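Right, one structure below, let's go through it.
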Amino acid sequence: MANVLIQDSTMQEIADAIREKTGETASMLPHEMPDKILSISGRGESPETWDGEASEFDLTFTVVTGLSVTMMFYNVTSGNTISVDWGDGTSENATTTTVGAKTFTHAYPAIGDYTASVDSTGDYYPYGLSTAINMFALAINYTCTGARLGTRCTSIGNYAFYKCYSLTSILISDSVTSIGDQAFRNCHSLTSIIIPDGVTSIGDYAFIYCIGLTSETIPDGVTSIGTYAFYGCYSLTSITIPDSVTSINTNAFIGCTSIKKYTMLPVSPPTLSSTNAFSDINGICIMLVPKGALEAYQTATNWVTYADYMREMTDEEMIYYGLAAA
């Protein structure tokens with residue numbers, strides 16, 4: 001891990017800002033500050049209440065004095081104008097002349113709750129949220145609590161919400177077709193997410209260590225689930241694999257120890273990259289497979305490792321999951 005030189009005056013300013021926000025009066029040590037930031041409440045309005053016609057991309061967060069926010073957007077069309085309203089009375093815009101990334105950075109002079117809004121004249125996708133290093137790398141991501149992606153967002157890029165520890169909810173437009181590598185890595189407070197029906201791929205490490213995730217809807221249309229995609233999501237209790245999935249990569253669900261049922265809708269077993277895809281599987285877990293496909297699953301390459309967990313669907317279950325006519 002890189003060493004960061006911190007001036008005493010900078011640490012004092014951050015400590016003062018935390019005390020102002022929390023109402024505490026006691027002194028604090030540097031190693032205590034991350035937890036203090038995590039405890040800050042009053043982080044802006046819930047994205048579920050935002051006007052669907054307001055802007056293309058909204059992000060809500062709490063800022064402590066001295067931190068700046070960087071947003072990067074990848075523009076898939078040239079001549080695309082992106083405008084950012086930082087939520088503190090300032091704004092800026094830029095027009096791209098070629099296909100490529102555009103980065104905006106803004107320093108917030110005062111502690112407070114902010115919602116930054118982005119509008120775009122063309123397609124784009126968010127590719128990473130970060131801050132200038134002041135005290136902690138990516139410190140602002142401790143207090144990013146909500147996001148909404150509009151209809152011109154076509155993809156969620158690599159690392160888009162990486163280490164947004166306080167992100168509790170996100171609304172994703174149906175226009176999104178892919179979720180990049182490590183897009184939601186370490187989003188510890190995210191409890192549920194609805195992946196739009198248009199998404200066809202879930203990248204490597206996409207939801208790794210989303211330890212608060214209790215429900216996940218994988219849409220019918222996803223064909224590939226990436227390596228370590230749901231690694232360490234130990235609060236998940238069930239997963240349904242849609243019949244569109246043709247491949248599940250190494251360690252995709254390793255460490256998902258609370259899952260009691262995997263429902264497999266593909267009639268033909270998807271390609272399983274290794275025997276580790278479901279490592280640490282709960283001892284009482286059931287893998288429910290379509291009627292007539294039990295032998296195929298139990299003998300397929302790498303699936304054979306989990307043969308003892310498999311059970312064939314009943315006629316009623318086949319109807320329930322849309323695999324047979326009523």
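Convention: chains lettered A, B, ... in structure tokens order; per-chain residue numbering from 1; ligands numbered from 1 as shown.
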### Task
Using DSSP on the backbone coordinates, identify the residues of segment 47-296 of chain A assigned to strand (DSSP E or B); present them as a PyMOL selection string.
chain A and resi 57-63+68-75+81-85+91-95+100-107+112-120+124-131+144-149+153+156+169-172+178-179+192-194+201-202+215-217+224-225+238-241+247-248+261-264+271-272+286-289
### Query
atom CA of Thr271 of chain A to atom CA of Ile194 of chain A: how many Å, to one decimal?
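If I compute the distance from atom CA of Thr271 of chain A to atom CA of Ile194 of chain A, I get 24.6 Å.
Of the listed residues A:Asp113, A:Glu295, A:Asp308, A:Asp174, the one whose atoms come nearest to Gly283 of chain A is A:Asp308, with distances taken using only C-alpha atoms.
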### Query
atom CA of Met71 of chain A and atom CA of Phe184 of chain A, how far apart in Å?
15.3 Å
### Task
For segment 235-248 of chain A, work out the shell of residues within 9 Å, counting only C-alpha atoms and skipping chain neighbours fewer than 6 positions away, then give it as a PyMOL selection string.
chain A and resi 191+200+210-227+256-274+277
Keeping only N, CA and C atoms, take the residues you just selected and write them out as a compact mmCIF listing (two decimals), in the first residue's frame.
```txt
# COMPACT_ATOMS: atom_id res chain seq x y z
N THR A 191 -28.01 -3.57 -0.23
CA THR A 191 -28.77 -4.75 0.22
C THR A 191 -29.51 -5.44 -0.91
N THR A 200 -26.59 -8.24 -20.57
CA THR A 200 -26.22 -9.55 -21.09
C THR A 200 -24.96 -10.12 -20.45
N CYS A 210 -19.90 -7.65 -1.63
CA CYS A 210 -21.14 -6.92 -1.31
C CYS A 210 -21.82 -7.69 -0.18
N ILE A 211 -21.28 -7.52 1.01
CA ILE A 211 -21.64 -8.38 2.13
C ILE A 211 -23.05 -8.15 2.66
N GLY A 212 -23.65 -7.00 2.30
CA GLY A 212 -25.01 -6.72 2.76
C GLY A 212 -26.07 -7.15 1.76
N LEU A 213 -25.65 -7.64 0.60
CA LEU A 213 -26.59 -7.98 -0.47
C LEU A 213 -27.40 -9.21 -0.07
N THR A 214 -28.72 -9.03 0.07
CA THR A 214 -29.59 -10.13 0.47
C THR A 214 -30.41 -10.67 -0.68
N SER A 215 -30.60 -9.89 -1.73
CA SER A 215 -31.35 -10.38 -2.89
C SER A 215 -30.73 -9.85 -4.16
N GLU A 216 -30.78 -10.66 -5.19
CA GLU A 216 -30.17 -10.33 -6.47
C GLU A 216 -31.02 -10.94 -7.57
N THR A 217 -31.43 -10.12 -8.50
CA THR A 217 -32.21 -10.61 -9.64
C THR A 217 -31.32 -10.60 -10.88
N ILE A 218 -30.99 -11.78 -11.38
CA ILE A 218 -30.21 -11.88 -12.61
C ILE A 218 -31.21 -12.03 -13.76
N PRO A 219 -31.28 -11.08 -14.67
CA PRO A 219 -32.32 -11.11 -15.70
C PRO A 219 -32.09 -12.17 -16.76
N ASP A 220 -33.19 -12.57 -17.38
CA ASP A 220 -33.14 -13.48 -18.51
C ASP A 220 -32.60 -12.71 -19.69
N GLY A 221 -31.41 -12.99 -20.08
CA GLY A 221 -30.69 -12.24 -21.11
C GLY A 221 -29.20 -12.27 -20.82
N VAL A 222 -28.85 -12.40 -19.53
CA VAL A 222 -27.45 -12.55 -19.14
C VAL A 222 -26.94 -13.89 -19.66
N THR A 223 -25.83 -13.86 -20.37
CA THR A 223 -25.27 -15.09 -20.92
C THR A 223 -24.03 -15.56 -20.17
N SER A 224 -23.38 -14.63 -19.46
CA SER A 224 -22.13 -14.98 -18.79
C SER A 224 -22.05 -14.33 -17.41
N ILE A 225 -21.63 -15.10 -16.42
CA ILE A 225 -21.41 -14.60 -15.06
C ILE A 225 -19.91 -14.69 -14.80
N GLY A 226 -19.30 -13.54 -14.51
CA GLY A 226 -17.85 -13.43 -14.46
C GLY A 226 -17.18 -14.11 -13.29
N THR A 227 -15.87 -14.21 -13.39
CA THR A 227 -15.03 -14.75 -12.33
C THR A 227 -15.19 -13.95 -11.05
N CYS A 256 -20.43 -17.72 -0.77
CA CYS A 256 -21.86 -17.37 -0.57
C CYS A 256 -22.47 -18.43 0.35
N THR A 257 -22.07 -18.39 1.59
CA THR A 257 -22.37 -19.48 2.52
C THR A 257 -23.80 -19.51 3.02
N SER A 258 -24.57 -18.44 2.78
CA SER A 258 -25.95 -18.42 3.27
C SER A 258 -26.97 -18.83 2.21
N ILE A 259 -26.50 -19.06 0.99
CA ILE A 259 -27.43 -19.47 -0.06
C ILE A 259 -27.93 -20.88 0.22
N LYS A 260 -29.25 -21.00 0.34
CA LYS A 260 -29.87 -22.30 0.61
C LYS A 260 -30.41 -22.94 -0.65
N LYS A 261 -30.55 -22.15 -1.72
CA LYS A 261 -31.07 -22.74 -2.96
C LYS A 261 -30.54 -21.99 -4.18
N TYR A 262 -29.97 -22.77 -5.10
CA TYR A 262 -29.65 -22.29 -6.44
C TYR A 262 -30.68 -22.90 -7.37
N THR A 263 -31.40 -22.05 -8.10
CA THR A 263 -32.38 -22.54 -9.07
C THR A 263 -31.79 -22.39 -10.46
N MET A 264 -31.54 -23.51 -11.11
CA MET A 264 -30.93 -23.53 -12.44
C MET A 264 -32.02 -23.68 -13.49
N LEU A 265 -32.24 -22.65 -14.30
CA LEU A 265 -33.26 -22.72 -15.33
C LEU A 265 -32.76 -23.24 -16.68
N PRO A 266 -31.44 -23.17 -16.98
CA PRO A 266 -30.99 -23.72 -18.27
C PRO A 266 -31.23 -25.24 -18.33
N VAL A 267 -31.83 -25.70 -19.40
CA VAL A 267 -32.07 -27.13 -19.56
C VAL A 267 -30.76 -27.86 -19.81
N SER A 268 -29.86 -27.23 -20.54
CA SER A 268 -28.51 -27.77 -20.73
C SER A 268 -27.58 -27.08 -19.75
N PRO A 269 -26.77 -27.83 -19.01
CA PRO A 269 -25.88 -27.22 -18.01
C PRO A 269 -24.97 -26.17 -18.65
N PRO A 270 -24.91 -24.96 -18.09
CA PRO A 270 -23.95 -23.96 -18.59
C PRO A 270 -22.52 -24.47 -18.40
N THR A 271 -21.61 -23.95 -19.19
CA THR A 271 -20.21 -24.30 -19.02
C THR A 271 -19.73 -23.78 -17.67
N LEU A 272 -19.18 -24.67 -16.88
CA LEU A 272 -18.65 -24.30 -15.55
C LEU A 272 -17.14 -24.32 -15.66
N SER A 273 -16.50 -23.17 -15.46
CA SER A 273 -15.07 -23.04 -15.73
C SER A 273 -14.21 -23.90 -14.82
N SER A 274 -14.68 -24.11 -13.58
CA SER A 274 -13.90 -24.91 -12.64
C SER A 274 -14.82 -25.49 -11.58
N ALA A 277 -16.59 -22.93 -8.64
CA ALA A 277 -17.62 -21.90 -8.88
C ALA A 277 -18.54 -21.72 -7.68
```
### Message
List the spatial neighbours of Val84 of chain A as an NGL selection string - criterion: any atom at most 12 Å away, only C-alpha atoms, same-chain residues fewer than 2 positions off excluded.
### Response
:A and (55-59 or 69-73 or 81-82 or 86-95 or 102-106 or 115-120)
### Message
My list of candidates is A:Ala229, A:Val304, A:Cys187, A:Ile179. Which is closest to Thr275 of chain A when distances are computed with only C-alpha atoms?
### Response
A:Val304
